[in-house]
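Before any comments, here is the structure.
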Amino acid sequence: MIKKLIGISLALVFGLSLVNKQALADGLYGDESDSRQIIVDKKLKPVSWSNWSDNLSLNDYAFSAEDLIDFKILVKNSGEADLTNIEVIDTFPGSVNFVFGPGSYNKDNHQLVWNIDHLNPNEEKEFKLRVQVINASELPSDGTFPVINKVKVTAESGETDQDTTQFYIKGKVEQLPEAGINLALGTALALGAISTGLLSRKFGRGEILS
């Protein structure tokens with residue numbers, strides 16, 4: 001009887017020891033579900049540049065009608081657990097048209113969507129895409145204006161992140177048609193002739209002293 005009690009006591013002590021070790025491990029390293037994390041980073045540049053930028057200020061560069069713009073998107077699993085079925089949604093402003101890139105583009109909502117099947121811990125994948133500024137007739141005529149492009153990633157397990165890039169586009173410059181320019185020039189010349197004639201008449205009549 002005593003041997004049975006001793007055996008039961010040792011079993012309880014051993015079991016409690018295992019529970020405490022597991023609790024300590026969870027406290028030090030955290031639960032695996034809490035170690036998942038994803039990061040997305042987006043950069044851009046004019047096609048003729050070699051360097052990428054997070055954003056382009058008005059002092060850096062301003063795109064004109066029909067200019068091409070390159071984007072680079074980096075998606076990284078920055079956690080300690082695998083990530084699967086990652087959806088990437090890149091939303092473009094209405095002032096550019098999609099040229100090429102991964103996935104499927106919906107021109108109605110200006111969204112490019114694609115999936116990444118799997119990312120191991122610390123694994124990253126890079127994607128390149130290109131857009132083109134709309135033609136001049138479609139641009140507003142209120143000078144240079146800023147636009148924002150947003151990308152968002154979401155893993156099947158719920159981890160998500162997003163990033164934006166900002167750049168500037170030059171609006172169209174309103175120009176008078178040739179007929180309008182000729183009319184304006186003719187009007188100015190006519191007014192000048194009238195003014196000269198009036199001054200000559202006043203001078204001839206002695207209204208203006210020499």
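If you're wondering about the labels, chains in the structure tokens are A, B, ... by order shown, residues count from 1 in each chain, ligands from 1 in order shown.
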Show which residues sit within 8 Å of Val75 of chain A, as JSON, numbers by chain. Count only C-alpha atoms, and ignore same-chain residues fewer than 5 positions away.
{"A": [38, 39, 40, 41, 124, 125, 126, 153]}
If you measure from atom CA of Pro102 of chain A to atom CA of Asn115 of chain A, what distance in Å do you get, rounded to one decimal?
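Calculated distance between atom CA of Pro102 of chain A and atom CA of Asn115 of chain A is 9.1 Å.
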Within 9 Å of segment 53-66 of chain A, counting only C-alpha atoms, which residues qualify if same-chain residues fewer than 5 places away don't, as a PDB file with N, CA and C atoms, in the first residue's frame?
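Output file out-v7.pdb follows:
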```
ATOM      1  N   ASP A  41       6.349  46.171 -48.429  1.00  0.00           N
ATOM      2  CA  ASP A  41       7.048  47.436 -48.684  1.00  0.00           C
ATOM      3  C   ASP A  41       6.946  47.743 -50.169  1.00  0.00           C
ATOM      4  N   LYS A  42       6.570  48.980 -50.496  1.00  0.00           N
ATOM      5  CA  LYS A  42       6.397  49.367 -51.900  1.00  0.00           C
ATOM      6  C   LYS A  42       7.270  50.570 -52.225  1.00  0.00           C
ATOM      7  N   LYS A  43       7.928  50.517 -53.378  1.00  0.00           N
ATOM      8  CA  LYS A  43       8.768  51.610 -53.850  1.00  0.00           C
ATOM      9  C   LYS A  43       8.432  51.901 -55.307  1.00  0.00           C
ATOM     10  N   LEU A  44       8.876  53.082 -55.790  1.00  0.00           N
ATOM     11  CA  LEU A  44       8.606  53.475 -57.180  1.00  0.00           C
ATOM     12  C   LEU A  44       9.761  54.249 -57.761  1.00  0.00           C
ATOM     13  N   LYS A  45       9.725  54.418 -59.085  1.00  0.00           N
ATOM     14  CA  LYS A  45      10.724  55.231 -59.780  1.00  0.00           C
ATOM     15  C   LYS A  45      10.264  55.485 -61.209  1.00  0.00           C
ATOM     16  N   PRO A  46      10.719  56.570 -61.830  1.00  0.00           N
ATOM     17  CA  PRO A  46      10.549  56.706 -63.284  1.00  0.00           C
ATOM     18  C   PRO A  46      11.341  55.590 -63.967  1.00  0.00           C
ATOM     19  N   VAL A  96      -3.683  56.788 -63.597  1.00  0.00           N
ATOM     20  CA  VAL A  96      -2.728  55.926 -64.298  1.00  0.00           C
ATOM     21  C   VAL A  96      -3.454  54.705 -64.851  1.00  0.00           C
ATOM     22  N   GLN A 132       1.120  53.552 -66.494  1.00  0.00           N
ATOM     23  CA  GLN A 132       1.364  54.704 -67.372  1.00  0.00           C
ATOM     24  C   GLN A 132       0.371  55.802 -67.042  1.00  0.00           C
ATOM     25  N   VAL A 133       0.871  57.024 -66.931  1.00  0.00           N
ATOM     26  CA  VAL A 133       0.005  58.171 -66.695  1.00  0.00           C
ATOM     27  C   VAL A 133      -0.957  58.319 -67.873  1.00  0.00           C
ATOM     28  N   ILE A 134      -2.214  58.649 -67.574  1.00  0.00           N
ATOM     29  CA  ILE A 134      -3.220  58.800 -68.623  1.00  0.00           C
ATOM     30  C   ILE A 134      -2.847  59.939 -69.571  1.00  0.00           C
ATOM     31  N   ASN A 135      -3.500  59.999 -70.725  1.00  0.00           N
ATOM     32  CA  ASN A 135      -3.141  61.026 -71.707  1.00  0.00           C
ATOM     33  C   ASN A 135      -3.593  62.413 -71.251  1.00  0.00           C
ATOM     34  N   ALA A 136      -3.034  63.418 -71.899  1.00  0.00           N
ATOM     35  CA  ALA A 136      -3.219  64.802 -71.459  1.00  0.00           C
ATOM     36  C   ALA A 136      -4.680  65.240 -71.472  1.00  0.00           C
ATOM     37  N   SER A 137      -5.447  64.753 -72.422  1.00  0.00           N
ATOM     38  CA  SER A 137      -6.845  65.182 -72.524  1.00  0.00           C
ATOM     39  C   SER A 137      -7.682  64.728 -71.327  1.00  0.00           C
ATOM     40  N   GLU A 138      -7.216  63.690 -70.620  1.00  0.00           N
ATOM     41  CA  GLU A 138      -7.958  63.163 -69.468  1.00  0.00           C
ATOM     42  C   GLU A 138      -7.495  63.748 -68.142  1.00  0.00           C
ATOM     43  N   LEU A 139      -6.379  64.437 -68.149  1.00  0.00           N
ATOM     44  CA  LEU A 139      -5.837  65.005 -66.913  1.00  0.00           C
ATOM     45  C   LEU A 139      -6.571  66.288 -66.547  1.00  0.00           C
ATOM     46  N   THR A 144      -0.053  70.862 -60.989  1.00  0.00           N
ATOM     47  CA  THR A 144       0.516  69.600 -60.513  1.00  0.00           C
ATOM     48  C   THR A 144      -0.220  69.136 -59.258  1.00  0.00           C
ATOM     49  N   PHE A 145      -0.527  67.838 -59.196  1.00  0.00           N
ATOM     50  CA  PHE A 145      -1.316  67.329 -58.076  1.00  0.00           C
ATOM     51  C   PHE A 145      -0.722  66.015 -57.561  1.00  0.00           C
ATOM     52  N   PRO A 146      -0.897  65.714 -56.243  1.00  0.00           N
ATOM     53  CA  PRO A 146      -0.366  64.478 -55.672  1.00  0.00           C
ATOM     54  C   PRO A 146      -1.334  63.316 -55.854  1.00  0.00           C
ATOM     55  N   THR A 164       1.995  52.563 -48.637  1.00  0.00           N
ATOM     56  CA  THR A 164       1.580  53.497 -49.678  1.00  0.00           C
ATOM     57  C   THR A 164       2.799  54.179 -50.299  1.00  0.00           C
ATOM     58  N   THR A 165       2.630  54.614 -51.533  1.00  0.00           N
ATOM     59  CA  THR A 165       3.605  55.482 -52.191  1.00  0.00           C
ATOM     60  C   THR A 165       2.869  56.728 -52.678  1.00  0.00           C
ATOM     61  N   GLN A 166       3.546  57.867 -52.606  1.00  0.00           N
ATOM     62  CA  GLN A 166       2.957  59.118 -53.097  1.00  0.00           C
ATOM     63  C   GLN A 166       3.874  59.717 -54.155  1.00  0.00           C
ATOM     64  N   PHE A 167       3.270  60.248 -55.202  1.00  0.00           N
ATOM     65  CA  PHE A 167       4.031  60.915 -56.252  1.00  0.00           C
ATOM     66  C   PHE A 167       3.159  62.012 -56.859  1.00  0.00           C
ATOM     67  N   TYR A 168       3.744  62.791 -57.779  1.00  0.00           N
ATOM     68  CA  TYR A 168       3.033  63.944 -58.350  1.00  0.00           C
ATOM     69  C   TYR A 168       2.906  63.811 -59.868  1.00  0.00           C
ATOM     70  N   ILE A 169       1.785  64.324 -60.365  1.00  0.00           N
ATOM     71  CA  ILE A 169       1.526  64.330 -61.807  1.00  0.00           C
ATOM     72  C   ILE A 169       1.203  65.758 -62.245  1.00  0.00           C
ATOM     73  N   LYS A 170       1.784  66.156 -63.371  1.00  0.00           N
ATOM     74  CA  LYS A 170       1.503  67.488 -63.914  1.00  0.00           C
ATOM     75  C   LYS A 170       0.170  67.473 -64.655  1.00  0.00           C
ATOM     76  N   GLY A 171      -0.707  68.403 -64.308  1.00  0.00           N
ATOM     77  CA  GLY A 171      -1.973  68.527 -65.019  1.00  0.00           C
ATOM     78  C   GLY A 171      -1.762  69.110 -66.405  1.00  0.00           C
ATOM     79  N   LYS A 172      -2.791  69.000 -67.237  1.00  0.00           N
ATOM     80  CA  LYS A 172      -2.667  69.526 -68.598  1.00  0.00           C
ATOM     81  C   LYS A 172      -2.620  71.048 -68.585  1.00  0.00           C
TER      82      LYS A 172
END
```
Run DSSP on the backbone of this structure and report the residues of segment 16-158 of chain A it assigns to strand (DSSP E or B), as a PyMOL selection string.
chain A and resi 38-46+53+63+68-77+83-91+96-100+104-106+111-119+124-133+145-154
Gln37 of chain A environment, 8 Å, only C-alpha atoms, sequence neighbours closer than 2 positions dropped, as a PyMOL selection string:
chain A and resi 35+39+77-80+159-160
Preceding selection exported with C-alpha atoms as a JSON list (two decimals), in the first residue's frame:
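File again-v3.json, as written:
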```json
[["chain", "number", "residue", "atom", "x", "y", "z"],
["A", 35, "SER", "CA", 4.73, 34.63, -33.70],
["A", 39, "ILE", "CA", 5.46, 42.98, -43.90],
["A", 77, "ASN", "CA", 7.26, 36.72, -43.62],
["A", 78, "SER", "CA", 8.93, 38.42, -40.64],
["A", 79, "GLY", "CA", 7.53, 35.98, -38.07],
["A", 80, "GLU", "CA", 8.53, 32.53, -36.81],
["A", 159, "GLU", "CA", -1.92, 38.67, -40.43],
["A", 160, "THR", "CA", -2.03, 41.85, -42.52]]
```
For segment 117-120 of chain A, find every residue with an atom within 6 Å (counting only C-alpha atoms), except residues of its own chain fewer than 4 positions away, and show them as an mmCIF file with N, CA and C atoms, in the first residue's frame.
```
data_model
loop_
_atom_site.group_PDB
_atom_site.id
_atom_site.type_symbol
_atom_site.label_atom_id
_atom_site.label_comp_id
_atom_site.auth_asym_id
_atom_site.auth_seq_id
_atom_site.Cartn_x
_atom_site.Cartn_y
_atom_site.Cartn_z
ATOM 1 N N ASP A 82 5.109 29.584 -40.512
ATOM 2 C CA ASP A 82 4.790 29.642 -41.937
ATOM 3 C C ASP A 82 3.522 30.461 -42.172
ATOM 4 N N LEU A 83 3.478 31.140 -43.328
ATOM 5 C CA LEU A 83 2.278 31.856 -43.759
ATOM 6 C C LEU A 83 1.817 31.275 -45.086
ATOM 7 N N THR A 84 0.512 31.102 -45.238
ATOM 8 C CA THR A 84 -0.022 30.501 -46.454
ATOM 9 C C THR A 84 -1.150 31.345 -47.036
ATOM 10 N N ASN A 85 -1.392 31.136 -48.329
ATOM 11 C CA ASN A 85 -2.503 31.780 -49.043
ATOM 12 C C ASN A 85 -2.557 33.283 -48.754
#
```
What is the distance, in Å and to one decimal place, between atom CA of Asp90 of chain A and atom CA of Leu112 of chain A?
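About the pair atom CA of Asp90 of chain A and atom CA of Leu112 of chain A: they are 5.1 Å apart.
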